[in-house]
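One structure below.
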Amino acid sequence: MRSPHSQPPHASTTPLRPALLLTLLMALVGGGSAQSSTPSFPNSPDPALPIQAAPLPDGSTEDDVSAPILLPSSSQITPSQGTTLFPPLTPPVAAPFIGPVLPPLTPPAATPPLIGPPLPPVTLPVTPPALPIPVPDPAQAELGAVRGLWVDAFGPGLKTPAQVAQMVKDARALGVNTLFVQTIRRADCLCSRSSVPRASDRDLTPSFDPLAEVLRLAHAQGIRVFAWVSVTGAGNAAAPNTSPQHILKAHGPAAGLQSWVNRRPDGSYLEGSDIWLDAGIPQAADFMIQSILSIVKNYDVDGIQLDRIRYPDGGAWGYSPQALARYRAETGSKGTPIPSDPTWTNWKREQITALVRRVVLETRRLKPQVWTSAATITYGAPPTDLSGFQKSRTYSDVLQNWPAWTEEGLIDLNVLMNYKQDLVPNHIAWFDDWNKFALSVRGKAEVAAGTALYLNSPDISRRQMQRALSAGLGWVGYAYRTPGVDVYKNGQSQPQGFAVLRKTLTERGGPLTSTLWDIAPPTRYALLGRITGSAQPGGRPVEARSSNGTLLARTVTDGSGYYGFTDLPLGTLEVRVAGQRWQAQLTRPGVLRSPDLLVRDAQIIPALK
């Protein structure tokens, strides 16, 4: 979902201005990219498209770490329960499966340089299959795929008990098996039991908990519920949250060095009216992680969906003073990088992947049965292989490397925000070929095509859904509030539009006829750890090796010193970081939390004269 989750086509029903309608008409006639031809929904699974209509629904890899890594000298690492730079989100395991610290690795004869070479790619190259992809057995396609519906928080659907009851009834009649319910919107929540304040919305019934009610009613109908969260969303200047506990009150644009806001090189911070958090600031990343974990802890959700898990459009972001200082310390770079600097863009891309990794591992520690999902970007023409993907705007502009996430096993379900319009030149091929590319790099994840109901007629939505299902993908429609282009643009009521969509997708042999999706997320053996005691805990290479020394995986620590491996074999595991090594025992499924490991950076003492 491009960025619809931040505010998809469910934000407002304000009519488009004539000039904007002319702009949209010209874009449709000229073809252009998906980005230029698709209006931006303030509330849709990240359709952060550049076109800013009136307030409408708006809801947006980690590749190898090619930036140089700072490797300060360090003393022997020993397990420690002492003071840490950042308090852990969850207490350490009572009985950690950590073996004795092994002797330090033999140092090289020559003193190693402070800056090491770029790490090789974490993931193995993926060769895409020849197109077209074979059509799977229809029976398997019917039984194994998600059929979902996004329900945004910027219009009717979640604001009152009556709206929730009607929405669940409609979802049941449509035949979907999964609801993606907007929960965390802009560092606030349509719920009552989370670490962020309630959403400020005069239409939201006081004391009403929309997420709890959706769970109660949907589960009674056998429908799964994913909590859809806008991860980096911080606020909207036109509609600010009024709670004194909202994060922008203490860490907003005017908070100086305590600001966690993402910025351009000139210090500006608004994208349209939206304010984003900077994933390169460790405290901001911890805040985002904690807000998601509070939902997982307090609600019986079937999954989480990460939306706006990226940088804003335009490339020139990430220039908060704290993020820049950390970048310089970890890479040895001087000055302020230009937006196209490859070391800088690689470093920022790693911050997004590190954020995904931490959220996923912490979620799986709490509740292994919860699905982890992301709404991923499909800007422009589709690639045919990974090399082509690395030239796409998804990878180079908004810095989202979702093929690496699926290969590493970070997410269980990849939902493409494949918002294409069949009536626009090239879009039919673009829709199908993005789906094919996603299948060719699916790695360890299920794949679903997210389609823009709001931009297409129900007949076109039916054809897009059929093409996705026949290719072996699941399907998710954006969105309940705007179930067709006539609702979005031409004044048709939501009930009328939804009735037409339901009839089109369920009757006369429609694709929504068999909706069983009863598979569980895969069982994994994983490790989550952290280094402490260093003024610079981030950006350190970490390796996981088998007992015979075979390399299993590589990663780097995040800004708080956390590292993790998501899919490891059972048995003895050797972890290497900062010139040291130690062992852990993976004896059961789940995420093993290693005790914090103390790294003391060596102090350089001038020679006595």
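Within each chain, counting starts at residue 1; across the structure tokens, chains are named A, B, ... in the order shown, with ligands numbered 1 upward in that order.
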
Give the strand (DSSP E) residues of stretch 376-553 of chain A, as DSSP finds them on the backbone, and put them as a PyMOL selection string. chain A and resi 376-377+413-417+446-452+474-478+525-532+541-546+551-553

List the spatial neighbours of A:Ser461 as an MDAnalysis selection string - criterion: any atom at most 12 Å away, only C-alpha atoms, same-chain residues fewer than 2 positions off excluded. chainID A and resid 418:423 428 431 449:459 463:468 475:479 483:485 500:502 504:505 510:512

Point out the residue among A:Pro244, A:Gly474, A:Gly491, A:Gly409 with the least atom-to-atom distance to A:Phe565, counting only C-alpha atoms. A:Gly409

Could you check how far atom CA of A:Leu361 sits from atom CA of A:Ile304, in Å to one decimal?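 Rounded to one decimal, the two atoms are 12.5 Å apart.
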
Would you return as an NGL selection string the members of stretch 457-551 of chain A that DSSP assigns to helix (DSSP H, G or I) on this structure's backbone? :A and (458-470 or 485-489 or 494-506)

Could you save the residues just selected, with C-alpha atoms, as an mmCIF file, in the first residue's frame?
```cif
data_model
loop_
_atom_site.group_PDB
_atom_site.id
_atom_site.type_symbol
_atom_site.label_atom_id
_atom_site.label_comp_id
_atom_site.auth_asym_id
_atom_site.auth_seq_id
_atom_site.Cartn_x
_atom_site.Cartn_y
_atom_site.Cartn_z
ATOM 1 C CA PRO A 458 -16.096 -2.762 -9.657
ATOM 2 C CA ASP A 459 -15.821 -4.596 -13.011
ATOM 3 C CA ILE A 460 -12.156 -3.604 -13.345
ATOM 4 C CA SER A 461 -11.510 -4.454 -9.692
ATOM 5 C CA ARG A 462 -12.979 -7.891 -10.377
ATOM 6 C CA ARG A 463 -10.642 -8.412 -13.341
ATOM 7 C CA GLN A 464 -7.594 -7.275 -11.334
ATOM 8 C CA MET A 465 -8.553 -9.609 -8.517
ATOM 9 C CA GLN A 466 -9.011 -12.552 -10.873
ATOM 10 C CA ARG A 467 -5.625 -11.939 -12.500
ATOM 11 C CA ALA A 468 -3.925 -11.754 -9.104
ATOM 12 C CA LEU A 469 -5.570 -14.934 -7.810
ATOM 13 C CA SER A 470 -4.884 -16.885 -10.981
ATOM 14 C CA VAL A 485 -14.380 5.147 -8.393
ATOM 15 C CA ASP A 486 -17.967 6.406 -8.432
ATOM 16 C CA VAL A 487 -17.918 6.705 -4.647
ATOM 17 C CA TYR A 488 -14.539 8.412 -4.693
ATOM 18 C CA LYS A 489 -15.177 10.858 -7.534
ATOM 19 C CA GLN A 494 -20.757 4.294 0.169
ATOM 20 C CA PRO A 495 -23.640 1.832 0.745
ATOM 21 C CA GLN A 496 -24.580 1.984 -2.943
ATOM 22 C CA GLY A 497 -21.009 1.532 -4.087
ATOM 23 C CA PHE A 498 -20.361 -1.335 -1.673
ATOM 24 C CA ALA A 499 -23.518 -3.137 -2.816
ATOM 25 C CA VAL A 500 -22.314 -2.967 -6.431
ATOM 26 C CA LEU A 501 -18.841 -4.198 -5.441
ATOM 27 C CA ARG A 502 -20.267 -7.093 -3.429
ATOM 28 C CA LYS A 503 -22.486 -8.190 -6.286
ATOM 29 C CA THR A 504 -19.651 -7.918 -8.799
ATOM 30 C CA LEU A 505 -17.150 -9.911 -6.728
ATOM 31 C CA THR A 506 -19.474 -12.610 -5.398
#
```

Rank nothing, just name the residue among A:Gly272, A:Gly233, A:Gly590, A:Gly256 nearest to A:Phe287, using only C-alpha atoms.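 Among A:Gly272, A:Gly233, A:Gly590, A:Gly256, it is A:Gly233 that comes nearest to A:Phe287.
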
Write out as a VMD selection string which residues come within 6 Å of stretch 315-324 of chain A when counting only C-alpha atoms, dropping same-chain ones fewer than 5 positions away. chain A and resid 262 to 265 280 to 281 339 397
